[in-house]
Amino acid sequence: MKGIGGSTAAEQLADLSRWAEIAPAIGQDERLARIEKARKLTRDSGADALIIGAGASLRYFAGVSWGGTERLVALMIPVTGDPIMIAPYFELGSLEAELAIPVEIRLWQEDESPTALVADACRAWGATTLAIDPALPFLFVDRIAKSAPGLTLTSGAAAVDGCRMHKSAAEIALMQQAKSMTLEAHRRAALILREGIRASEVIRFIGDCHRAMGAGAGGSGSSTFCMVQFGRGSAFPHGLPGDPELHEGDMVLIDTGTTVHGYHSDITRSYVFGKPDDEQRRIWDLEKAAQAAAFDAAQPGDPCEVVDAAARRVLEAAGLGPDYALPGLPHRTGHGIGLSIHEPAYLVRGDTTPLATGMCFSNEPMIVIPDRFGIRLEDHFYMTENGPRWFTEPQVAIDAPFG
């Protein structure tokens with residue numbers, strides 16, 4: 001069991017220190033360029049303005065990291081004219097502390113209608129069609145429609161996804177750091193495994209590792225999520241509830257991630273505690289081959305769905321599947337990643353988005369053997385003009401997970 005067991009959480013944490021060089025946050029110039037690109041894509045879609053609600057896209061354009069609530073916080077971007085921010089009056093100080101772009105702020109009191117401010121802005125701009133952030137809750141869409149009768153509401157996905165799918169060098173650097181941190185946490189987690197250890201202890205340790213390395217926007221973050229499954233639990237893509245104990249011969253599946261300035265990592269490793277049996281090794285080797293085939297198929301200009309098809313061909317040739325049937329691959333091969341852990345485009349049949357420079361994806365064609373075990377090898381790659389490039393090198397072997 002090379003690289004598995006033989007150490008303790010205390011030993012591994014004592015050996016960890018903060019990451020030497022934290023990748024720089026996104027600068028104002030890049031955010032302003034994003035807004036200009038969003039204007040063009042909004043105009044090209046036939047709309048006159050775009051509204052962005054609280055969430056990942058607001059962080060993308062304005063640097064504001066708030067999640068959505070029942071109170072409208074939104075950035076409005078006209079195709080011509082200056083953007084405005086709409087927010088509750090009592091949030092002004094907090095908003096100004098996070099805003100990363102210069103923008104006019106229009107405020108509403110608790111007994112006032114924020115969507116009336118949306119309607120007023122559209123009238124002032126002469127906007128007749130408003131593109132809606134695809135993540136904006138229906139609660140607000142419905143209220144905008146009532147506040148602005150006659151205003152056409154349309155999807156803003158072309159503008160939002162058209163910007164966010166294509167990562168800049170600065171975004172890729174932030175994701176590279178997050179993924180490198182998570183891979184190091186994985187490596188150390190494997191070393192603390194022992195007979196009888198509970199999943200909760202591994203989860204706490206991985207969170208402590210991320211924190212010690214300085215993950216998160218302010219350097220005090222932990223894991224954004226962490227799933228640790230042993231044995232039969234590994235056969236369920238998102239695990240089983242409970243706090244299982246580790247036993248000799250169990251498949252270990254750990255899926256975890258963190259963020260750096262909001263940009264995500266999401267890496268899975270699968271290996272056996274003890275000596276793998278012939279079936280575990282055979283399925284692990286198939287998973288490795290499917291992941292490699294998916295990577296090789298990711299070529300500029302080809303549709304995203306060809307990557308999923310390449311992975312499935314490997315599995316089906318070995319008698320697994322077909323399609324989503326088990327034993328086999330029960331879900332898509334991969335997803336886009338950035339400020340959201342799952343975001344467009346997707347490596348799945350039916351997604352014909354052309355692969356292009358700057359797109360970032362997970363590559364995780366999991367194999368499930370029902371009620372026995374599952375194996376998921378998940379690494380991420382980004383597209384260059386010459387093809388895909390790994391953020392993290394894939395797992396080497398079932399009994400040497402980190403080389």
# chains A, B, ... in the order shown; residues from 1 in each chain; ligands from 1
$ select_by_dssp --residues "segment 5-90 of chain A" --states "helix (DSSP H, G or I)" --output "ChimeraX atom specification"
/A:9-14,28-44,56-62,89-90
$ residues_around --residues "Gly67 of chain A" --least-positions-apart "2" --cutoff "8 Å" --atoms "only C-alpha atoms" --output "PyMOL selection string"
chain A and resi 54-56+65+69
$ closest_residue --among "A:Ala157, A:Ala23, A:Cys226, A:Ile101" --to "Ala170 of chain A" --atoms "only C-alpha atoms"
A:Ala23
$ residues_around --residues "Pro303 of chain A" --least-positions-apart "3" --cutoff "9 Å" --atoms "only C-alpha atoms" --output "MDAnalysis selection string"
chainID A and resid 298:300 306:307 347 351:355
$ closest_atom_pairs --of "segment 107-196 of chain A" --to "segment 89-97 of chain A" --cutoff "10 Å" --atoms "only C-alpha atoms" --output "tab-separated table"
residue	atom	partner	partner_atom	distance
A:Leu107	CA	A:Tyr89	CA	4.9
A:Trp108	CA	A:Tyr89	CA	5.3
A:Gln109	CA	A:Tyr89	CA	5.5
A:Glu110	CA	A:Tyr89	CA	8.0
$ write_last_selection --atoms "C-alpha atoms" --output "mmCIF file, in the first residue's frame"
data_model
loop_
_atom_site.group_PDB
_atom_site.id
_atom_site.type_symbol
_atom_site.label_atom_id
_atom_site.label_comp_id
_atom_site.auth_asym_id
_atom_site.auth_seq_id
_atom_site.Cartn_x
_atom_site.Cartn_y
_atom_site.Cartn_z
ATOM 1 C CA LEU A 107 -30.922 51.738 -3.021
ATOM 2 C CA TRP A 108 -34.323 50.631 -1.794
ATOM 3 C CA GLN A 109 -35.836 50.661 1.663
ATOM 4 C CA GLU A 110 -37.553 47.656 3.200
#
$ residues_around --residues "Ile22 of chain A" --least-positions-apart "3" --cutoff "10 Å" --atoms "only C-alpha atoms" --output "list in words"
Arg18, Trp19, Ala25, Ala173, Leu174, Gln177, Ala178, Met213, Gly214, Ala215, Ala217, Gly219, Val260 and His261 of chain A
$ write_last_selection --atoms "C-alpha atoms" --output "tab-separated table (two decimals), in the first residue's frame"
chain	number	residue	atom	x	y	z
A	18	ARG	CA	0.65	28.12	4.30
A	19	TRP	CA	1.01	28.08	0.53
A	25	ALA	CA	-7.27	37.93	-7.08
A	173	ALA	CA	-4.00	30.32	-12.02
A	174	LEU	CA	-6.52	30.54	-9.16
A	177	GLN	CA	-3.71	26.68	-6.85
A	178	ALA	CA	-7.01	25.38	-5.43
A	213	MET	CA	-2.53	25.74	3.45
A	214	GLY	CA	-4.47	29.01	3.34
A	215	ALA	CA	-7.40	28.05	1.15
A	217	ALA	CA	-10.53	34.01	-0.34
A	219	GLY	CA	-6.76	32.43	3.62
A	260	VAL	CA	-9.04	30.23	-3.79
A	261	HIS	CA	-10.66	33.66	-4.22
$ atom_distance --atom1 "atom CA of Glu248 of chain A" --atom2 "atom CA of Phe230 of chain A"
10.2 Å
$ closest_residue --among "A:Pro134, A:Pro401, A:Gly358, A:Pro24" --to "Thr384 of chain A" --atoms "only C-alpha atoms"
A:Gly358
$ select_by_dssp --residues "segment 135-302 of chain A" --states "strand (DSSP E)" --output "list in words"
Thr152, Leu153, Thr154, Ser155, Phe225, Cys226, Met227, Val228, Gln229, Phe230, Met251, Val252, Leu253, Ile254, Asp255, Thr256, Gly257, Thr259, Val260, Tyr263, His264, Ile267, Thr268, Arg269, Ser270, Tyr271 and Val272 of chain A
$ residues_around --residues "Thr128 of chain A" --least-positions-apart "5" --cutoff "8 Å" --atoms "only C-alpha atoms" --output "count of residues only"
7
$ closest_atom_pairs --of "segment 296-341 of chain A" --to "segment 250-259 of chain A" --cutoff "10 Å" --atoms "only C-alpha atoms" --output "tab-separated table"
residue	atom	partner	partner_atom	distance
A:Gly338	CA	A:Thr259	CA	9.5
A:Leu339	CA	A:Thr259	CA	8.6
A:Ser340	CA	A:Thr259	CA	10.0
A:Ile341	CA	A:Gly257	CA	9.1
$ write_last_selection --atoms "C-alpha atoms" --output "PDB file, in the first residue's frame"
ATOM      1  CA  GLY A 338     -14.972  27.954 -12.079  1.00  0.00           C
ATOM      2  CA  LEU A 339     -16.722  30.220  -9.577  1.00  0.00           C
ATOM      3  CA  SER A 340     -19.404  27.520  -9.438  1.00  0.00           C
ATOM      4  CA  ILE A 341     -18.383  23.951  -8.805  1.00  0.00           C
TER       5      ILE A 341
END
$ closest_residue --among "A:Trp390, A:Phe295, A:Trp284, A:Phe205" --to "Ile367 of chain A" --atoms "only C-alpha atoms"
A:Trp284
$ atom_distance --atom1 "atom CA of Glu104 of chain A" --atom2 "atom CA of Glu171 of chain A"
26.4 Å
